[in-house]
Each structure stands twice: as C-alpha cells, then as structure tokens.
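S.K.: My structure is stored as upload_30.txt, with compact mmCIF, C-alpha atoms.
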```txt
# COMPACT_ATOMS: atom_id res chain seq x y z
CA MET A 64 -36.41 140.12 55.92
CA VAL A 65 -33.62 138.50 57.99
CA LYS A 66 -31.99 135.13 57.71
CA VAL A 67 -31.58 132.79 60.70
CA GLU A 68 -29.05 129.96 60.57
CA PHE A 69 -28.43 127.14 63.03
CA LEU A 70 -24.82 126.11 63.52
CA GLY A 71 -23.01 122.93 64.50
CA PRO A 72 -25.18 120.15 65.90
CA ILE A 73 -28.53 121.99 65.57
CA GLN A 74 -30.11 120.03 62.75
CA LYS A 75 -32.34 122.66 61.27
CA GLU A 76 -32.57 124.40 57.92
CA PRO A 77 -32.12 128.19 57.80
CA LEU A 78 -35.20 130.37 58.19
CA GLU A 79 -36.14 133.64 56.52
CA LEU A 80 -38.26 135.81 58.78
CA GLU A 81 -39.95 139.21 58.64
CA ILE A 82 -38.89 140.51 62.05
CA THR A 83 -37.28 143.70 63.32
CA ASN A 84 -35.80 142.69 66.67
CA LEU A 85 -34.53 139.71 68.64
CA LYS A 86 -37.55 139.61 70.98
CA GLN A 87 -39.65 138.66 67.99
CA LEU A 88 -37.15 135.99 67.09
CA ALA A 89 -37.32 134.55 70.62
CA ASP A 90 -41.12 134.43 70.44
CA ILE A 91 -41.03 132.56 67.13
CA LEU A 92 -38.28 130.08 68.04
CA GLN A 93 -39.78 129.27 71.44
CA LYS A 94 -42.78 127.80 69.61
CA ASP A 95 -40.51 125.26 67.87
CA GLU A 96 -40.28 122.19 70.11
CA GLU A 97 -37.19 120.85 68.34
CA LEU A 98 -35.32 123.99 69.40
CA ALA A 99 -36.29 123.97 73.07
CA GLN A 100 -33.09 122.22 74.19
CA TRP A 101 -30.93 124.61 72.18
CA LEU A 102 -32.40 128.01 73.02
CA GLU A 103 -31.35 127.72 76.68
CA ASN A 104 -27.68 127.12 75.92
CA SER A 105 -27.03 128.73 72.55
CA ALA A 106 -25.44 132.09 71.90
CA VAL A 107 -26.70 134.50 69.25
CA ALA A 108 -24.69 136.38 66.67
CA VAL A 109 -25.96 139.11 64.36
CA ASN A 110 -23.82 139.52 61.25
CA ASP A 111 -21.14 137.37 62.94
CA THR A 112 -20.89 139.45 66.09
CA LEU A 113 -22.14 137.89 69.33
CA VAL A 114 -24.90 139.83 71.04
CA ARG A 115 -25.68 139.60 74.74
CA SER A 116 -29.13 141.14 74.94
CA LEU A 117 -32.53 140.81 73.27
CA ASP A 118 -32.67 144.62 73.07
CA PHE A 119 -31.25 144.57 69.60
CA GLU A 120 -32.87 146.04 66.51
CA LEU A 121 -32.53 144.12 63.25
CA LYS A 122 -32.03 145.58 59.79
CA GLU A 123 -33.10 144.21 56.42
CA ASN A 124 -30.80 141.32 55.34
CA ASP A 125 -29.23 140.83 58.76
CA LYS A 126 -27.81 137.35 59.31
CA ILE A 127 -28.60 135.81 62.69
CA SER A 128 -26.70 132.71 63.85
CA LEU A 129 -27.41 130.38 66.76
CA LEU A 130 -24.26 128.92 68.28
CA PRO A 131 -24.75 125.91 70.58
CA PRO A 132 -22.12 124.88 73.20
CA VAL A 133 -18.63 124.58 71.72
CA CYS A 134 -15.70 122.24 72.13
CA GLY A 135 -12.70 122.90 69.92
CA GLY A 136 -9.29 121.28 70.17
CA MET B 169 41.89 112.69 100.74
CA VAL B 170 39.03 114.42 98.94
CA LYS B 171 38.91 116.09 95.57
CA VAL B 172 37.47 119.60 95.08
CA GLU B 173 36.41 120.76 91.62
CA PHE B 174 35.28 124.18 90.43
CA LEU B 175 32.54 124.23 87.83
CA GLY B 176 31.47 126.56 85.05
CA PRO B 177 33.08 130.00 85.07
CA ILE B 178 35.29 129.45 88.14
CA GLN B 179 38.70 129.32 86.51
CA LYS B 180 40.54 127.13 88.95
CA GLU B 181 42.20 123.74 88.76
CA PRO B 182 40.87 120.93 91.02
CA LEU B 183 42.37 120.55 94.48
CA GLU B 184 43.15 117.44 96.49
CA LEU B 185 42.81 118.07 100.21
CA GLU B 186 43.23 116.09 103.44
CA ILE B 187 40.06 117.23 105.20
CA THR B 188 37.17 115.45 106.95
CA ASN B 189 34.39 118.00 106.89
CA LEU B 190 33.09 121.03 105.01
CA LYS B 191 34.01 123.51 107.75
CA GLN B 192 37.65 122.72 107.04
CA LEU B 193 37.01 123.26 103.34
CA ALA B 194 35.47 126.67 104.04
CA ASP B 195 38.50 127.68 106.13
CA ILE B 196 40.91 126.69 103.35
CA LEU B 197 38.98 128.25 100.45
CA GLN B 198 38.35 131.51 102.30
CA LYS B 199 42.13 132.08 102.28
CA ASP B 200 42.11 132.03 98.45
CA GLU B 201 41.49 135.56 97.22
CA GLU B 202 40.56 134.45 93.73
CA LEU B 203 37.64 132.52 95.19
CA ALA B 204 36.21 135.27 97.39
CA GLN B 205 33.61 136.36 94.82
CA TRP B 206 32.51 132.78 94.25
CA LEU B 207 32.16 131.43 97.78
CA GLU B 208 29.30 133.79 98.58
CA ASN B 209 27.13 132.69 95.68
CA SER B 210 28.18 129.12 94.89
CA ALA B 211 26.41 125.96 95.94
CA VAL B 212 28.26 122.87 97.13
CA ALA B 213 27.73 119.28 96.08
CA VAL B 214 29.30 116.22 97.64
CA ASN B 215 29.40 113.26 95.29
CA ASP B 216 26.98 115.12 93.00
CA THR B 217 24.34 115.77 95.64
CA LEU B 218 23.80 119.35 96.76
CA VAL B 219 24.37 119.95 100.46
CA ARG B 220 22.83 122.82 102.39
CA SER B 221 24.90 122.86 105.56
CA LEU B 222 28.55 122.86 106.60
CA ASP B 223 27.73 120.17 109.17
CA PHE B 224 28.69 117.46 106.75
CA GLU B 225 31.33 114.81 107.34
CA LEU B 226 33.51 113.82 104.40
CA LYS B 227 34.78 110.34 103.57
CA GLU B 228 37.94 109.30 101.78
CA ASN B 229 37.65 109.94 97.99
CA ASP B 230 34.58 112.15 98.26
CA LYS B 231 34.16 114.52 95.32
CA ILE B 232 33.20 118.07 96.24
CA SER B 233 31.93 120.45 93.54
CA LEU B 234 31.41 124.19 93.68
CA LEU B 235 28.53 125.38 91.49
CA PRO B 236 28.38 129.12 90.78
CA PRO B 237 25.12 130.87 89.69
CA VAL B 238 23.43 129.11 86.78
CA CYS B 239 21.63 130.19 83.64
CA GLY B 240 20.48 127.40 81.36
CA GLY B 241 18.21 127.74 78.37
CA MET C 144 -2.01 133.38 61.37
CA LEU C 145 -4.91 130.94 61.44
CA TYR C 146 -4.80 127.78 59.34
CA LEU C 147 -7.73 125.39 58.85
CA TYR C 148 -7.20 121.94 57.34
CA ASP C 149 -9.51 119.18 56.20
CA GLY C 150 -8.74 116.17 58.41
CA ALA C 151 -5.75 115.56 60.69
CA LEU C 152 -2.88 118.00 61.03
CA ASP C 153 0.64 117.21 59.82
CA VAL C 154 2.12 118.24 63.17
CA PRO C 155 5.88 117.89 62.44
CA ASN C 156 5.52 119.88 59.26
CA ILE C 157 3.44 122.65 60.84
CA LEU C 158 5.79 122.99 63.84
CA LYS C 159 8.75 123.15 61.47
CA THR C 160 7.13 125.68 59.13
CA TRP C 161 6.20 128.01 61.98
CA TYR C 162 9.63 127.70 63.62
CA GLU C 163 11.41 128.47 60.37
CA ALA C 164 9.05 131.34 59.51
CA GLU C 165 10.07 133.14 62.73
CA ALA C 166 13.70 132.00 62.79
CA SER C 167 14.99 135.53 62.27
CA SER C 168 12.26 137.43 64.12
CA ASN C 169 14.29 137.53 67.34
CA TYR C 170 11.77 135.73 69.54
CA GLY C 171 13.50 133.91 72.40
CA ALA C 172 10.58 131.60 73.25
CA TYR C 173 8.36 129.44 71.03
CA ILE C 174 5.65 127.35 72.69
CA PRO C 175 3.31 125.23 70.60
CA PHE C 176 0.42 123.36 72.21
CA VAL C 177 -0.57 120.23 70.27
CA GLY C 178 -3.92 118.52 70.86
CA THR C 179 -4.22 114.85 69.88
CA VAL C 180 -7.28 112.58 69.77
CA ARG C 181 -7.21 110.14 72.69
CA ASP C 182 -8.41 106.57 72.56
CA GLU C 183 -11.23 106.67 75.10
CA SER C 184 -14.95 105.89 75.40
CA GLN C 185 -14.74 103.44 72.46
CA ILE C 186 -14.58 106.23 69.90
CA GLU C 187 -13.04 105.74 66.47
CA GLY C 188 -12.12 109.41 66.26
CA LEU C 189 -13.54 112.90 66.49
CA SER C 190 -15.10 115.20 63.94
CA PHE C 191 -15.28 118.99 63.92
CA ASP C 192 -17.52 121.70 62.51
CA ILE C 193 -16.08 125.21 62.44
CA TYR C 194 -17.91 128.49 61.98
CA GLU C 195 -15.15 130.41 60.30
CA PRO C 196 -16.34 134.05 60.37
CA ILE C 197 -16.54 134.16 64.17
CA LEU C 198 -13.44 131.99 64.62
CA LYS C 199 -11.49 134.48 62.52
CA SER C 200 -12.69 137.52 64.46
CA TRP C 201 -11.98 135.73 67.78
CA PHE C 202 -8.48 134.96 66.51
CA ILE C 203 -7.89 138.58 65.48
CA THR C 204 -8.68 139.79 69.01
CA TRP C 205 -6.05 137.36 70.33
CA GLU C 206 -3.53 138.53 67.74
CA GLN C 207 -4.08 142.02 69.08
CA LYS C 208 -3.62 140.89 72.70
CA ALA C 209 -0.40 139.13 71.66
CA LYS C 210 0.86 142.23 69.89
CA GLU C 211 0.37 144.31 73.05
CA LYS C 212 2.77 141.87 74.77
CA GLY C 213 5.30 141.93 71.94
CA ALA C 214 4.27 138.39 70.99
CA ILE C 215 2.67 136.66 68.03
CA ILE C 216 0.36 133.67 67.79
CA LYS C 217 -0.38 131.00 65.23
CA MET C 218 -3.12 128.40 65.21
CA ALA C 219 -4.09 125.37 63.15
CA HIS C 220 -7.29 123.34 63.46
CA SER C 221 -8.89 120.44 61.64
CA ARG C 222 -12.27 120.39 59.92
CA GLY C 223 -14.10 117.07 59.61
CA ASP C 224 -12.79 113.73 60.81
CA VAL C 225 -9.62 113.15 62.84
CA MET C 226 -8.94 109.58 63.89
CA LEU C 227 -7.41 108.17 67.09
CA HIS C 228 -3.87 109.39 67.84
CA GLU C 229 -4.07 111.98 65.09
CA SER C 230 -3.91 115.67 66.00
CA SER C 231 -6.61 118.28 65.42
CA TYR C 232 -5.28 121.43 67.09
CA ILE C 233 -2.07 123.41 67.39
CA ALA C 234 -1.85 126.80 69.09
CA ALA C 235 1.52 128.52 69.35
CA VAL C 236 3.00 131.66 70.80
CA PHE C 237 6.33 133.33 70.03
CA SER C 238 7.61 136.04 72.37
CA PRO C 239 10.90 137.71 73.21
CA LYS C 240 10.96 136.33 76.77
CA ARG C 241 9.74 133.15 78.39
CA ARG C 242 7.27 134.48 81.03
CA VAL C 243 5.04 136.14 78.43
CA ALA C 244 5.04 132.99 76.30
CA LEU C 245 4.26 130.65 79.23
CA GLU C 246 1.40 132.82 80.47
CA PHE C 247 0.05 133.57 77.01
CA ILE C 248 -0.16 129.99 75.78
CA ASP C 249 -2.21 129.07 78.87
CA ALA C 250 -4.66 131.98 78.53
CA PHE C 251 -4.93 131.52 74.76
CA VAL C 252 -5.65 127.78 74.89
CA GLU C 253 -8.16 128.18 77.74
CA ASP C 254 -10.07 130.93 75.97
CA PHE C 255 -9.99 128.87 72.78
CA LYS C 256 -11.72 126.06 74.67
CA ALA C 257 -14.34 128.45 76.08
CA SER C 258 -14.92 130.69 73.06
CA ALA C 259 -13.93 129.25 69.69
CA PRO C 260 -17.00 128.44 67.56
CA ILE C 261 -16.09 124.82 66.90
CA TRP C 262 -18.30 121.80 67.52
CA LYS C 263 -16.94 118.37 68.36
CA TYR C 264 -18.53 115.02 67.54
CA ASP C 265 -17.53 111.53 68.61
CA LEU C 266 -17.19 109.04 65.79
CA LYS C 267 -18.77 105.81 67.02
CA ASN C 268 -19.89 102.89 64.89
CA GLY C 269 -19.53 105.14 61.89
CA LYS C 270 -21.91 107.74 63.38
CA ARG C 271 -21.22 111.36 64.29
CA ILE C 272 -22.49 112.08 67.83
CA TYR C 273 -22.35 115.63 69.25
CA ALA C 274 -20.03 115.74 72.29
CA SER C 275 -22.54 117.64 74.42
CA ASP C 276 -21.04 116.44 77.72
CA ARG C 277 -17.69 118.10 76.90
CA SER C 278 -19.09 121.26 75.33
CA THR C 279 -19.29 124.71 76.92
CA ALA C 280 -22.02 127.28 76.34
CA LEU C 281 -20.58 130.53 74.97
CA ASN C 282 -20.74 133.65 77.11
CA GLY C 283 -24.16 135.26 76.75
CA SER C 284 -25.89 132.01 75.78
CA GLY C 285 -29.57 131.50 76.51
CA ILE C 286 -30.94 134.94 75.65
CA LEU C 287 -33.48 133.39 73.28
CA GLY C 288 -34.71 130.93 75.92
CA VAL C 289 -37.88 131.16 77.93
CA LYS C 290 -37.57 133.71 80.76
CA LYS C 291 -38.04 132.03 84.14
CA MET D 229 14.50 111.52 78.33
CA LEU D 230 17.32 114.05 78.43
CA TYR D 231 19.36 114.76 75.31
CA LEU D 232 22.54 116.86 75.19
CA TYR D 233 23.99 118.05 71.88
CA ASP D 234 27.17 119.81 70.88
CA GLY D 235 26.10 123.13 69.36
CA ALA D 236 22.68 124.29 68.19
CA LEU D 237 19.61 122.06 68.31
CA ASP D 238 17.87 120.80 65.18
CA VAL D 239 14.49 121.96 66.48
CA PRO D 240 12.17 120.67 63.71
CA ASN D 241 13.76 117.25 63.86
CA ILE D 242 13.64 117.00 67.66
CA LEU D 243 10.00 118.16 67.82
CA LYS D 244 9.10 115.62 65.14
CA THR D 245 11.02 112.75 66.76
CA TRP D 246 9.40 113.35 70.13
CA TYR D 247 5.92 113.71 68.64
CA GLU D 248 6.27 110.50 66.67
CA ALA D 249 7.76 108.61 69.61
CA GLU D 250 4.60 109.28 71.66
CA ALA D 251 2.12 109.10 68.79
CA SER D 252 0.48 105.98 70.18
CA SER D 253 0.94 106.68 73.90
CA ASN D 254 -2.53 108.24 74.18
CA TYR D 255 -1.43 111.64 75.43
CA GLY D 256 -3.93 114.34 74.47
CA ALA D 257 -1.58 117.30 74.99
CA TYR D 258 2.03 117.88 73.85
CA ILE D 259 3.68 121.18 74.77
CA PRO D 260 7.27 121.86 73.80
CA PHE D 261 9.03 125.03 74.94
CA VAL D 262 11.80 126.13 72.55
CA GLY D 263 14.46 128.62 73.63
CA THR D 264 16.28 130.55 70.91
CA VAL D 265 19.29 132.88 71.11
CA ARG D 266 18.19 136.49 70.70
CA ASP D 267 20.18 139.18 68.95
CA GLU D 268 20.79 141.59 71.82
CA SER D 269 23.66 143.36 73.58
CA GLN D 270 25.89 143.00 70.52
CA ILE D 271 26.52 139.32 71.17
CA GLU D 272 27.52 136.89 68.41
CA GLY D 273 25.94 134.00 70.25
CA LEU D 274 25.89 132.16 73.57
CA SER D 275 27.95 129.31 74.90
CA PHE D 276 27.04 126.74 77.57
CA ASP D 277 28.82 124.55 80.09
CA ILE D 278 26.81 121.72 81.58
CA TYR D 279 27.56 119.65 84.68
CA GLU D 280 25.93 116.45 83.58
CA PRO D 281 25.79 114.34 86.77
CA ILE D 282 23.66 116.88 88.65
CA LEU D 283 21.64 117.83 85.56
CA LYS D 284 20.73 114.15 85.16
CA SER D 285 19.64 113.73 88.78
CA TRP D 286 17.67 116.98 88.63
CA PHE D 287 15.95 115.70 85.49
CA ILE D 288 15.12 112.36 87.13
CA THR D 289 13.31 114.14 89.98
CA TRP D 290 11.20 115.98 87.37
CA GLU D 291 10.49 112.73 85.53
CA GLN D 292 9.16 111.39 88.81
CA LYS D 293 6.99 114.48 89.38
CA ALA D 294 5.63 114.10 85.85
CA LYS D 295 4.87 110.43 86.40
CA GLU D 296 2.81 111.29 89.49
CA LYS D 297 0.63 113.45 87.21
CA GLY D 298 0.37 110.79 84.48
CA ALA D 299 2.68 112.87 82.29
CA ILE D 300 6.13 112.49 80.74
CA ILE D 301 8.84 115.02 79.99
CA LYS D 302 11.65 115.31 77.48
CA MET D 303 14.46 117.83 77.33
CA ALA D 304 17.25 118.77 74.94
CA HIS D 305 20.05 121.26 75.59
CA SER D 306 23.14 122.46 73.77
CA ARG D 307 26.72 122.26 74.98
CA GLY D 308 29.23 124.82 73.68
CA ASP D 309 28.46 127.55 71.17
CA VAL D 310 25.02 128.45 69.81
CA MET D 311 24.86 131.40 67.46
CA LEU D 312 22.21 134.11 67.02
CA HIS D 313 18.73 132.81 66.09
CA GLU D 314 19.79 129.24 66.75
CA SER D 315 18.10 127.28 69.55
CA SER D 316 19.78 125.86 72.64
CA TYR D 317 16.93 124.46 74.72
CA ILE D 318 13.76 122.42 74.31
CA ALA D 319 11.65 121.19 77.22
CA ALA D 320 8.46 119.26 76.52
CA VAL D 321 5.61 117.68 78.40
CA PHE D 322 3.07 115.11 77.24
CA SER D 323 -0.02 114.49 79.35
CA PRO D 324 -3.47 113.00 78.91
CA LYS D 325 -5.23 116.34 79.54
CA ARG D 326 -4.38 119.95 78.83
CA ARG D 327 -4.43 121.50 82.33
CA VAL D 328 -1.67 119.22 83.62
CA ALA D 329 0.46 119.94 80.55
CA LEU D 330 -0.03 123.73 80.73
CA GLU D 331 0.80 123.88 84.42
CA PHE D 332 3.67 121.40 84.19
CA ILE D 333 5.54 123.08 81.35
CA ASP D 334 5.53 126.35 83.30
CA ALA D 335 6.79 124.81 86.56
CA PHE D 336 9.34 122.64 84.74
CA VAL D 337 10.84 125.50 82.69
CA GLU D 338 10.96 127.85 85.68
CA ASP D 339 12.69 125.28 87.89
CA PHE D 340 15.08 124.52 85.05
CA LYS D 341 16.06 128.20 85.01
CA ALA D 342 16.56 128.22 88.78
CA SER D 343 18.15 124.82 89.30
CA ALA D 344 19.77 123.25 86.25
CA PRO D 345 23.60 123.22 86.58
CA ILE D 346 24.28 125.00 83.30
CA TRP D 347 26.43 128.08 82.85
CA LYS D 348 25.87 130.62 80.10
CA TYR D 349 28.48 132.80 78.40
CA ASP D 350 28.05 135.63 75.94
CA LEU D 351 30.16 135.34 72.79
CA LYS D 352 31.51 138.82 72.08
CA ASN D 353 34.42 139.68 69.83
CA GLY D 354 35.30 136.01 69.82
CA LYS D 355 35.52 135.90 73.62
CA ARG D 356 33.45 133.85 76.08
CA ILE D 357 32.12 136.09 78.88
CA TYR D 358 30.20 134.59 81.83
CA ALA D 359 26.61 135.92 81.88
CA SER D 360 26.75 136.76 85.58
CA ASP D 361 24.00 139.38 85.35
CA ARG D 362 21.47 136.78 84.11
CA SER D 363 22.58 133.95 86.39
CA THR D 364 20.84 132.72 89.54
CA ALA D 365 22.54 131.32 92.64
CA LEU D 366 21.35 127.78 93.37
CA ASN D 367 19.35 127.15 96.52
CA GLY D 368 21.72 126.74 99.47
CA SER D 369 24.48 128.76 97.86
CA GLY D 370 27.00 130.61 100.00
CA ILE D 371 27.58 128.07 102.77
CA LEU D 372 31.33 128.21 102.17
CA GLY D 373 31.37 132.01 102.40
CA VAL D 374 32.56 134.08 105.34
CA LYS D 375 29.95 134.16 108.14
CA LYS D 376 28.81 137.72 108.80
```
Please rewrite the model in this file as structure tokens.
M.R.:
Amino acid sequence: MVKVEFLGPIQKEPLELEITNLKQLADILQKDEELAQWLENSAVAVNDTLVRSLDFELKENDKISLLPPVCGG
Amino acid sequence: MVKVEFLGPIQKEPLELEITNLKQLADILQKDEELAQWLENSAVAVNDTLVRSLDFELKENDKISLLPPVCGG
Amino acid sequence: MLYLYDGALDVPNILKTWYEAEASSNYGAYIPFVGTVRDESQIEGLSFDIYEPILKSWFITWEQKAKEKGAIIKMAHSRGDVMLHESSYIAAVFSPKRRVALEFIDAFVEDFKASAPIWKYDLKNGKRIYASDRSTALNGSGILGVKK
Amino acid sequence: MLYLYDGALDVPNILKTWYEAEASSNYGAYIPFVGTVRDESQIEGLSFDIYEPILKSWFITWEQKAKEKGAIIKMAHSRGDVMLHESSYIAAVFSPKRRVALEFIDAFVEDFKASAPIWKYDLKNGKRIYASDRSTALNGSGILGVKK
C-alpha cells in the first residue's frame, strides 16, 4: 500500500492505494473530476523527491505527494 | 585666477594659477615631476563636474580638482 | 541555515542576527533580499503553506552551490498569515567578494520563486484565495495528466 | 539618501532604520548590499577619503535612474578608519518588484566601484598606504598627461 497526499491548495484528503507504479496512480486520479485541473500542472514527489517520469516503480509504504504551482516569497 | 586642488592620495598643496584653459594647466603640471605618475591616471573636474577634454575654457575663480584612481566600498 | 516562522518576519532582528553571526567569518559582502507584502488588488494580506521536507532538500542543494563558490546562504520564510507591509521572505548570501554575492543572490531568489514548495493565498474579506495567477508549475509538472 | 559616517558603520541599526523608514511605502523588495573589511594581506584595517561634492552629484544621478524604475536608493559610507571585520559601505534599493531591485543593486554597486570619488588606504603597521592596486581610474582620466 502507498499513501498519496495533496499539498497546498488541493483540497483533498490523503488516499491509501494498492498500486505498484505511477501509471496506475495516473489512471486512478484521472477518474477524479475534482483533480482534473490539478493533474495538468502539478508535480509529483515520491518520498519527498520530485520525479519526472511515470516510469517509476513504487514500494510498500511509499509516500507520494502532488505539488501544485508554487509562489513563495 | 583659478584654484587647483589634488584629491585623495596625491600629496600636494593646492595651487593658485593665472590660466584660462586646461591646456595651460596641463603644460604647467607636466613640469612637476612629483605629479608625473598622477597625470596619466587622474580625472579632472571643474567646479565639481568631471570634464573629458582639454578644450575647456576656465573662468575667474574656477575650482579645478584632480581625482586619482578610486576604490570605494 | 533555513528558518521558518509563524506569521510575519522580524526583519531588523533577523538581518542583525545574521550579520553578527558572520561578523568574524571574513566575508566581504553580505546581501539580504527582503520580500514585503504590497498593498494591491484589495488584499488584506497574504498567507503561505510550506511543504518543509522538499523545501529543506531544495535549500541544501543551494547551500552546496554556495559552498562551491566560497559563499554561504541563509533564508527565512513565513508560514500562515502576513499582513500588508509586513515581510514574509528573506534570502541572504555572504561571500568573500562582491561579484559572487551579486550573482548568487539573483540566481538564488529566482530559483526560489520557481522551485520552492510554498503556496501563496490572498487574504480577501477574511477568505484565503489561492494565488493561481502568480503561481508557477514546478519543473516536471503534469506527468499525471491525460496524455494528449 | 546618502549618509556619511566617521569610522565603521552600525550595520544592524542602519538596515533597521532604512527598513522602517520605507515600511509603508509599498515596496515589495528591499536589497541592501553590505561591504565589510576582510582580514587579508596583513592589514589592520582600511581608511577612506571621500570627495563629497562629486559623490553627492553622482548619487543624485543614481537617485534619478532609480526613480525612472519606480525604485529608491540609499547609501552609507565610512570616512577615515574602519578596522578588520567592520563595515564601511551599505548600498540599498527598494522597488515594487524583485527584478528591478535585483538588477538595480548590481548596476548601482558596480558603478559605485567604478565612479564614486572615494580613495582607499590599507592600514599597515600604523601607516596609511594608498590601495593603488585595487583602484580604478575614473572615466576620462589622463587628459592632463603627456600626449604620446
């Protein structure tokens, strides 16, 4: 099982999912209409490291974070 | 009469000279061996405005300043 | 060092503390950048969310870049609400010589704006409204989106 | 504004005074540059001569350039002796947005180094030795020299 958390302005509770790669995550999240606006412009981190490709295998207990557009300062 | 002052590290007392242009000033100062090292790398101001050319007429009571290389900060 | 505070920053105190901490480190140049909330668009202030784990690792990579130049960096940022004319952000560089410091503060602040995992909200009529128009998608964003 | 002091600058106090003076001016970015005397070449400190009339007119032209960008500048400099790890120079810019401030502080500090009528001396064994190796001839220098 992996945990998925939604950061900043994405108003959504964390999910716990039985998946083994990010392609599966994309398939699941794309079915959630609330998330449509965020998937196109959010970055993805696995265990707090940004990943740039869906070709990424997940391990048990991985933490996945969605990071929408930022504006510090 | 004009007054000539030497700024910063140029160790020389001010001069009062009866001259009407900067070419005359150059002729006089070039005869001063102490100044040789400074004339090549000093800028000239007349009444606190930098001038870039010897073609500059002087008026009575003008103040001429020699400014050697700078290093503020 | 990275310092996070709840609410507005005490800018004079932070600038003084950092200056004094490096007073004997033999850096010739100290350049802080201070960001202050402007009165514009009828806001009452701004509010910030920070994702600390990734902010900290981003900051560590910049500390390493600074070290390669013989420089050090410090940064302070607010969490939560910061009202008009209060300050929410200070980034600073110390380096032996001025050119490194002048170039580094620019690159550091610009990458902060593009990469730091911080989300900004306008405070308007007591509500917290995501500043989507001023926000920048992180590098690599969109991989979960529908392929076109 | 331009401020000249005898001896070292009280950096925390100057940074605080300037910050507070512009606290309600609605500038989003404040960038001070602080120059500190480094321990190098066995010096005990530095010493400065300033020619104020031309420094003031130089500063006024930079105030005008700042105004054209919607920004303001402030500067403080020491006269006389400043010992190791003390500070002799602060230049600062305030502007509504960060890009103007980041670009302006760089151009302002660099032109200061090239153009401000200030002379620097090393303090060594109690003597004041002109820092000729670090000094820059002003634009237009040499017109009184022998034509070659």
S.K.: Would you give me, as CSV, each residue of chain D having an atom within 9 Å of an atom of chain B, along with its shortest atom pair and that distance in Å to one decimal, using all atoms listed in the file and sorting by chain and residue number?
M.R.:
```
residue,atom,partner,partner_atom,distance
D:Val262,CA,B:Gly241,CA,8.8
D:Gly263,CA,B:Gly241,CA,6.1
D:Thr264,CA,B:Gly241,CA,8.2
D:Val265,CA,B:Gly241,CA,9.0
D:Phe276,CA,B:Gly240,CA,7.6
D:Asp277,CA,B:Gly176,CA,6.0
D:Ile278,CA,B:Gly176,CA,7.6
D:Tyr279,CA,B:Leu175,CA,7.5
D:Pro281,CA,B:Asp216,CA,6.4
D:Ile282,CA,B:Asp216,CA,5.7
D:Ser285,CA,B:Thr217,CA,8.6
D:His305,CA,B:Gly241,CA,7.3
D:Ser306,CA,B:Gly241,CA,8.6
D:Ser315,CA,B:Gly241,CA,8.8
D:Ser316,CA,B:Gly241,CA,6.2
D:Tyr317,CA,B:Gly241,CA,5.1
D:Ile318,CA,B:Gly241,CA,8.0
D:Val337,CA,B:Gly241,CA,8.8
D:Phe340,CA,B:Gly240,CA,7.1
D:Lys341,CA,B:Gly240,CA,5.8
D:Ala342,CA,B:Val238,CA,7.2
D:Ser343,CA,B:Val238,CA,7.3
D:Ala344,CA,B:Gly240,CA,6.5
D:Pro345,CA,B:Val238,CA,5.9
D:Ile346,CA,B:Gly240,CA,4.9
D:Trp347,CA,B:Val238,CA,5.1
D:Lys348,CA,B:Cys239,CA,5.5
D:Tyr349,CA,B:Pro177,CA,8.6
D:Ile357,CA,B:Pro177,CA,8.7
D:Tyr358,CA,B:Pro177,CA,6.3
D:Ala359,CA,B:Cys239,CA,7.8
D:Ser360,CA,B:Pro237,CA,7.4
D:Arg362,CA,B:Cys239,CA,6.6
D:Ser363,CA,B:Cys239,CA,4.8
D:Thr364,CA,B:Pro237,CA,4.7
D:Ala365,CA,B:Pro237,CA,3.9
D:Leu366,CA,B:Ala211,CA,6.0
D:Asn367,CA,B:Ala211,CA,7.2
D:Gly368,CA,B:Arg220,CA,5.0
D:Ser369,CA,B:Ala211,CA,3.9
D:Gly370,CA,B:Glu208,CA,4.2
D:Ile371,CA,B:Ser221,CA,6.5
D:Leu372,CA,B:Ala194,CA,4.8
D:Gly373,CA,B:Glu208,CA,4.7
D:Val374,CA,B:Gln198,CA,7.0
```
S.K.: Looking at all atoms listed in the file, which of C:Val225, C:Ala151, C:Phe202, C:Ala244 is the one that sits closest to chain D?
M.R.: C:Ala244
S.K.: Counting all atoms listed in the file, what is within 9 Å of region 325-327 of chain D, bar same-chain residues fewer than 5 positions away, as an MDAnalysis selection string?
M.R.: (chainID C and resid 176 178 249 252:253) or (chainID D and resid 255:258 332)
S.K.: Rounded to one decimal place, report the CA of Asp339 (chain D)-CA of Ala319 (chain D) distance in Å.
M.R.: 11.5 Å
S.K.: Rank nothing, just name the residue among D:Ile300, D:Val328, D:Leu243, D:Val321 nearest to chain C, using only C-alpha atoms.
M.R.: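 Nearest candidate to chain C out of D:Ile300, D:Val328, D:Leu243, D:Val321: D:Leu243.
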S.K.: What lies within 6 Å of Asp309 (chain D) using all atoms listed in the file, ignoring chain neighbours under 5 positions off, as a PyMOL selection string?
M.R.: chain D and resi 235+274-275
S.K.: So what do you get for CA of Met169 (chain B) versus CA of Lys375 (chain D), distance-wise?
M.R.: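 Going from CA of Met169 (chain B) over to CA of Lys375 (chain D), I get 25.7 Å.
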S.K.: Mind giving me the straight-line distance from CA of Ile248 (chain C) to CA of Gln207 (chain C) in Å, one decimal?
M.R.: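 CA of Ile248 (chain C) sits 14.3 Å away from CA of Gln207 (chain C).
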S.K.: Excluding Arg266 (chain D) and its own-chain neighbours fewer than 4 positions away, which residues fall within 6 Å of it when counting only C-alpha atoms? Please give them as number ranges by chain.
M.R.: C: 169, 171; D: 312-313
S.K.: I need the residue nearest Thr245 (chain D) from this list: D:Leu232, D:Lys302, D:Lys352, D:Leu330. Use all atoms listed in the file for the distance.
M.R.: D:Lys302
S.K.: Return the single residue from D:Tyr231, D:Trp290, D:Tyr247, D:Phe336 that is closest to chain C, with distances computed using only C-alpha atoms.
M.R.: D:Tyr247
